[in-house]
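This report refers to the structure that appears directly beneath it.
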There are 2 protein chains.
Amino acid sequence: MKISTKGRYALRLMLDLAINNTGEFIPLKLVSERQDISVKYLEQIITVLVKAGYVRGLRGSRGGYKLAGKPEDYTVGMILRLTEGSLAPVACLEGDTNYCERADECITLGLWKELYEAINNVVDNTTLADLIERYNDKIGNDYCI
Amino acid sequence: MKISTKGRYALRLMLDLAINNTGEFIPLKLVSERQDISVKYLEQIITVLVKAGYVRGLRGSRGGYKLAGKPEDYTVGMILRLTEGSLAPVACLEGDTNYCERADECITLGLWKELYEAINNVVDNTTLADLIERYNDKIGNDYCI
DNA sequence: TATAATCATAGTATACAAATAGGAATAGAG
DNA sequence: CTCTATTCCTATTTGTATACTATGATTATA
């Protein structure tokens with residue numbers, strides 16, 4: 001029941017781009033230094049975010065990445081699902097591909113559904129902007145987003 | 001973010017013992033047939049439940065297992081934590097052993113705490129008796145617990 | 001043309017998941 | 001008192017996923 005590094009790092013990556021946004025493209029080298037994650041691993045993770053259209057990349061010198069939209073456009077759920085896959089606690093809740101023969105007589109299915117909903121409820125109701133705002137309130141910082 | 005087979009099977013095992021309880025000890029062979037899980041794997045899983053005192057075992061002919069307490073005594077959380085380990089979505093929320101240097105400046109820590117609480121809230125407020133009752137209501141069965 | 005970056009693909013070490021296997025100990029039945 | 005059905009104990013296996021690292025091609029700017 002753990003969120004993997006891919007999901008966690010993707011979130012930190014998006015947050016880093018949001019917080020350090022100046023309008024310019026931000027190279028992964030900088031994100032790597034700030035977040036203490038290797039550039040190579042970040043590259044692998046950001047590929048998915050680019051393909052999903054959450055992040056825009058520019059090659060070459062002065063290249064880098066920036067969020068395609070605003071921090072409030074991206075929920076934690078969107079980012080985690082992209083990098084982690086489904087957040088369902090059991091496979092039989094994932095789409096129609098993992099249908100379970102025992103579903104009708106399954107005593108625990110309802111419980112897993114409830115757990116799934118609780119998880120979704122948290123991640124889908126929190127945006128990057130929310131996280132930054134809460135952090136500013138707590139720490140007294142004022143990251144410009 | 002998946003519950004492993006150990007956790008899921010442990011829950012089904014406890015439920016099977018609860019539902020099929022007659023006062024006698026129930027051999028794993030029967031549970032195995034009903035739940036379609038190998039006896040050998042069930043043995044491995046039930047060991048933990050016995051050591052925790054959730055289940056009592058008796059060796060030899062006419063031996064088997066039975067719940068030590070009543071179905072309402074056991075929450076899903078108790079059973080899952082025993083077999084899965086902590087249900088924390090990130091390691092830094094687990095006890096004091098996994099302390100993270102970045103905790104103070106971590107923007108995502110609050111989110112993980114919220115998620116953790118949401119998960120705990122579900123599993124700690126559902127007992128085996130609840131699951132059986134809900135199932136009876138849904139299916140029209142009347143398992144004697 | 002040099003440089004700094006993304007982009008694409010492959011490889012690797014480790015740990016965890018999901019079991020299976022073999023046999024010793026024991027409680028009851030006959 | 002022996003047979004049998006069971007728990008109990010420890011090891012081994014197999015596959016898959018995680019968490020990276022490595023190499024090199026491409027491209028945009030200075």
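By order of appearance in the structure tokens: chains A, B, ..., then residues from 1 within every chain, and ligands from 1 in the order shown.
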Just the residues within 12 Å of DG11 of chain C, please, counting only C-alpha atoms (C1' of nucleotides), with nothing from its chain fewer than 4 positions along; format it as a PyMOL selection string. chain D and resi 20-23
Select residues of chain D: the criterion is any atom within 12 Å of an atom of chain B, counting only C-alpha atoms (C1' of nucleotides); output as a PDB file with N, CA and C atoms (P, O5', C5', C4', C3', O3' and C1' of nucleotides), in the first residue's frame.
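Result file is out-v6.pdb:
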ATOM      1  P    DC D   3       0.752 -48.323  12.258  1.00  0.00           P
ATOM      2  O5'  DC D   3      -0.385 -47.557  11.428  1.00  0.00           O
ATOM      3  C5'  DC D   3      -1.746 -47.973  11.565  1.00  0.00           C
ATOM      4  C4'  DC D   3      -2.660 -46.764  11.423  1.00  0.00           C
ATOM      5  C3'  DC D   3      -2.284 -45.821  10.279  1.00  0.00           C
ATOM      6  O3'  DC D   3      -3.409 -45.679   9.429  1.00  0.00           O
ATOM      7  C1'  DC D   3      -2.697 -44.606  12.287  1.00  0.00           C
ATOM      8  P    DT D   4      -3.242 -45.007   7.993  1.00  0.00           P
ATOM      9  O5'  DT D   4      -3.922 -43.592   8.237  1.00  0.00           O
ATOM     10  C5'  DT D   4      -5.134 -43.513   8.995  1.00  0.00           C
ATOM     11  C4'  DT D   4      -5.399 -42.071   9.393  1.00  0.00           C
ATOM     12  C3'  DT D   4      -5.002 -41.036   8.330  1.00  0.00           C
ATOM     13  O3'  DT D   4      -6.066 -40.132   8.194  1.00  0.00           O
ATOM     14  C1'  DT D   4      -4.127 -40.429  10.406  1.00  0.00           C
ATOM     15  P    DA D   5      -6.262 -39.353   6.802  1.00  0.00           P
ATOM     16  O5'  DA D   5      -6.784 -37.948   7.325  1.00  0.00           O
ATOM     17  C5'  DA D   5      -7.654 -37.888   8.454  1.00  0.00           C
ATOM     18  C4'  DA D   5      -7.316 -36.660   9.283  1.00  0.00           C
ATOM     19  C3'  DA D   5      -7.101 -35.390   8.468  1.00  0.00           C
ATOM     20  O3'  DA D   5      -7.886 -34.359   9.028  1.00  0.00           O
ATOM     21  C1'  DA D   5      -5.280 -35.750   9.939  1.00  0.00           C
ATOM     22  P    DT D   6      -8.257 -33.142   8.173  1.00  0.00           P
ATOM     23  O5'  DT D   6      -7.088 -32.148   8.558  1.00  0.00           O
ATOM     24  C5'  DT D   6      -7.292 -31.249   9.611  1.00  0.00           C
ATOM     25  C4'  DT D   6      -6.049 -31.123  10.466  1.00  0.00           C
ATOM     26  C3'  DT D   6      -5.125 -29.987  10.097  1.00  0.00           C
ATOM     27  O3'  DT D   6      -5.688 -28.747  10.410  1.00  0.00           O
ATOM     28  C1'  DT D   6      -4.009 -31.857  11.096  1.00  0.00           C
ATOM     29  P    DT D   7      -5.025 -27.413   9.813  1.00  0.00           P
ATOM     30  O5'  DT D   7      -3.950 -27.088  10.954  1.00  0.00           O
ATOM     31  C5'  DT D   7      -4.382 -26.978  12.316  1.00  0.00           C
ATOM     32  C4'  DT D   7      -3.194 -27.100  13.257  1.00  0.00           C
ATOM     33  C3'  DT D   7      -2.275 -25.894  13.281  1.00  0.00           C
ATOM     34  O3'  DT D   7      -1.886 -25.656  14.635  1.00  0.00           O
ATOM     35  C1'  DT D   7      -1.029 -27.811  12.703  1.00  0.00           C
ATOM     36  P    DC D   8      -1.099 -24.331  15.022  1.00  0.00           P
ATOM     37  O5'  DC D   8       0.418 -24.652  14.636  1.00  0.00           O
ATOM     38  C5'  DC D   8       1.289 -25.228  15.605  1.00  0.00           C
ATOM     39  C4'  DC D   8       2.614 -25.552  14.963  1.00  0.00           C
ATOM     40  C3'  DC D   8       3.473 -24.336  14.598  1.00  0.00           C
ATOM     41  O3'  DC D   8       4.626 -24.364  15.436  1.00  0.00           O
ATOM     42  C1'  DC D   8       3.540 -26.029  12.917  1.00  0.00           C
ATOM     43  P    DC D   9       5.509 -23.065  15.695  1.00  0.00           P
ATOM     44  O5'  DC D   9       6.729 -23.258  14.696  1.00  0.00           O
ATOM     45  C5'  DC D   9       7.483 -24.484  14.737  1.00  0.00           C
ATOM     46  C4'  DC D   9       8.341 -24.596  13.494  1.00  0.00           C
ATOM     47  C3'  DC D   9       8.949 -23.286  13.002  1.00  0.00           C
ATOM     48  O3'  DC D   9      10.339 -23.343  13.251  1.00  0.00           O
ATOM     49  C1'  DC D   9       8.217 -24.683  11.212  1.00  0.00           C
ATOM     50  P    DT D  10      11.309 -22.059  13.028  1.00  0.00           P
ATOM     51  O5'  DT D  10      11.990 -22.403  11.636  1.00  0.00           O
ATOM     52  C5'  DT D  10      12.401 -23.747  11.353  1.00  0.00           C
ATOM     53  C4'  DT D  10      12.803 -23.860   9.895  1.00  0.00           C
ATOM     54  C3'  DT D  10      13.434 -22.610   9.281  1.00  0.00           C
ATOM     55  O3'  DT D  10      14.650 -22.969   8.673  1.00  0.00           O
ATOM     56  C1'  DT D  10      11.710 -23.428   7.884  1.00  0.00           C
TER      57       DT D  10
END
Could you write out as a PDB file with C-alpha atoms, in the first residue's frame the residues of chain B within 10 Å of chain A, counting only C-alpha atoms?
ATOM      1  CA  MET B   1      -1.059   1.206  -4.099  1.00  0.00           C
ATOM      2  CA  LYS B   2      -2.352  -2.329  -3.893  1.00  0.00           C
ATOM      3  CA  ILE B   3      -3.351  -4.507  -0.987  1.00  0.00           C
ATOM      4  CA  SER B   4      -1.353  -7.712  -1.395  1.00  0.00           C
ATOM      5  CA  THR B   5      -2.775 -11.208  -1.452  1.00  0.00           C
ATOM      6  CA  ARG B   8      -6.762  -9.897   1.222  1.00  0.00           C
ATOM      7  CA  LEU B  11      -9.382 -11.059   5.599  1.00  0.00           C
ATOM      8  CA  ARG B  12     -11.169 -13.792   3.663  1.00  0.00           C
ATOM      9  CA  LEU B  15     -14.373 -14.063   7.456  1.00  0.00           C
ATOM     10  CA  ASP B  16     -14.558 -17.713   6.475  1.00  0.00           C
ATOM     11  CA  GLN B  35     -11.876 -19.789  -0.748  1.00  0.00           C
ATOM     12  CA  VAL B  76     -10.239  -4.772   8.963  1.00  0.00           C
ATOM     13  CA  GLU B  84       0.486  -6.016   5.192  1.00  0.00           C
ATOM     14  CA  GLY B  85       2.407  -3.971   7.677  1.00  0.00           C
ATOM     15  CA  SER B  86       1.561  -0.308   8.030  1.00  0.00           C
ATOM     16  CA  LEU B  87      -1.042   1.127   5.681  1.00  0.00           C
ATOM     17  CA  ALA B  88       0.824   4.421   5.399  1.00  0.00           C
ATOM     18  CA  PRO B  89       1.027   5.554   1.766  1.00  0.00           C
ATOM     19  CA  VAL B  90       4.594   6.805   2.296  1.00  0.00           C
ATOM     20  CA  ALA B  91       7.363   5.424   4.508  1.00  0.00           C
ATOM     21  CA  ARG B 102      12.915  17.087   4.495  1.00  0.00           C
ATOM     22  CA  ASP B 104       9.833  20.320   7.877  1.00  0.00           C
ATOM     23  CA  GLU B 105      10.040  21.742   4.382  1.00  0.00           C
ATOM     24  CA  CYS B 106       7.960  19.019   2.719  1.00  0.00           C
ATOM     25  CA  ILE B 107       5.047  20.379   0.737  1.00  0.00           C
ATOM     26  CA  THR B 108       3.426  17.026   0.244  1.00  0.00           C
ATOM     27  CA  LEU B 109       3.602  15.663   3.784  1.00  0.00           C
ATOM     28  CA  GLY B 110       0.236  17.125   4.725  1.00  0.00           C
ATOM     29  CA  LEU B 111      -1.368  15.463   1.748  1.00  0.00           C
ATOM     30  CA  TRP B 112       0.040  12.054   2.656  1.00  0.00           C
ATOM     31  CA  GLU B 114      -4.652  13.267   4.938  1.00  0.00           C
ATOM     32  CA  LEU B 115      -4.592  10.225   2.688  1.00  0.00           C
ATOM     33  CA  TYR B 116      -3.343   8.050   5.539  1.00  0.00           C
ATOM     34  CA  GLU B 117      -6.165   9.246   7.766  1.00  0.00           C
ATOM     35  CA  ALA B 118      -8.743   8.584   5.078  1.00  0.00           C
ATOM     36  CA  ILE B 119      -7.479   5.030   4.693  1.00  0.00           C
ATOM     37  CA  ASN B 120      -7.362   4.389   8.424  1.00  0.00           C
ATOM     38  CA  ASN B 121     -10.809   5.826   8.807  1.00  0.00           C
ATOM     39  CA  VAL B 122     -12.248   3.161   6.518  1.00  0.00           C
ATOM     40  CA  VAL B 123     -10.373   0.127   7.763  1.00  0.00           C
ATOM     41  CA  THR B 126     -15.240  -1.750   9.744  1.00  0.00           C
ATOM     42  CA  LEU B 128     -15.765  -8.536  10.375  1.00  0.00           C
ATOM     43  CA  ASP B 130     -20.011  -5.295   9.743  1.00  0.00           C
ATOM     44  CA  LEU B 131     -18.875  -6.974   6.546  1.00  0.00           C
ATOM     45  CA  ILE B 132     -20.975 -10.053   7.175  1.00  0.00           C
ATOM     46  CA  GLU B 133     -24.024  -8.012   8.100  1.00  0.00           C
ATOM     47  CA  ARG B 134     -23.768  -5.821   5.016  1.00  0.00           C
ATOM     48  CA  TYR B 135     -23.367  -8.861   2.851  1.00  0.00           C
ATOM     49  CA  ASN B 136     -26.435 -10.518   4.338  1.00  0.00           C
ATOM     50  CA  LYS B 138     -27.347  -7.210   0.145  1.00  0.00           C
ATOM     51  CA  ILE B 139     -27.679 -10.864  -0.790  1.00  0.00           C
TER      52      ILE B 139
END
Show me, as JSON lines, the residues of chain C having an atom within 8 Å of chain B, each with the closest atom pair and its distance in Å, using only C-alpha atoms (C1' of nucleotides).
{"residue": "C:DA17", "atom": "C1'", "partner": "B:Ser4", "partner_atom": "CA", "distance": 7.6}
{"residue": "C:DA18", "atom": "C1'", "partner": "B:Thr5", "partner_atom": "CA", "distance": 7.6}
{"residue": "C:DA19", "atom": "C1'", "partner": "B:Tyr41", "partner_atom": "CA", "distance": 6.7}
{"residue": "C:DT20", "atom": "C1'", "partner": "B:Lys40", "partner_atom": "CA", "distance": 7.7}
{"residue": "C:DT26", "atom": "C1'", "partner": "B:Gly60", "partner_atom": "CA", "distance": 5.5}
{"residue": "C:DA27", "atom": "C1'", "partner": "B:Gly60", "partner_atom": "CA", "distance": 4.1}
{"residue": "C:DG28", "atom": "C1'", "partner": "B:Ser61", "partner_atom": "CA", "distance": 5.2}
{"residue": "C:DA29", "atom": "C1'", "partner": "B:Ser61", "partner_atom": "CA", "distance": 7.9}
Strand (DSSP E) per DSSP on the backbone: members of segment 21-130 of chain A, as a ChimeraX atom specification: /A:55-58,64-67
As a VMD selection string, please: all residues of segment 62-98 of chain B that backbone DSSP puts in helix (DSSP H, G or I). chain B and resid 71 to 73 76 to 84 91 to 93
Include C-alpha atoms and write out the residues we just selected as a compact mmCIF listing (two decimals), in the first residue's frame.
# COMPACT_ATOMS: atom_id res chain seq x y z
CA PRO B 71 -16.38 -11.07 14.65
CA GLU B 72 -17.15 -7.61 16.03
CA ASP B 73 -13.84 -7.65 17.91
CA VAL B 76 -10.24 -4.77 8.96
CA GLY B 77 -7.43 -2.46 10.00
CA MET B 78 -6.17 -4.86 12.66
CA ILE B 79 -6.01 -7.70 10.18
CA LEU B 80 -4.49 -5.76 7.31
CA ARG B 81 -1.81 -4.11 9.45
CA LEU B 82 -0.80 -7.48 10.77
CA THR B 83 -0.35 -9.03 7.35
CA GLU B 84 0.49 -6.02 5.19
CA ALA B 91 7.36 5.42 4.51
CA CYS B 92 8.03 8.68 6.35
CA LEU B 93 4.69 8.35 8.14
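The interatomic distance for the pair atom CA of Asn21 of chain A and atom CA of Thr127 of chain A works out to 16.4 Å.
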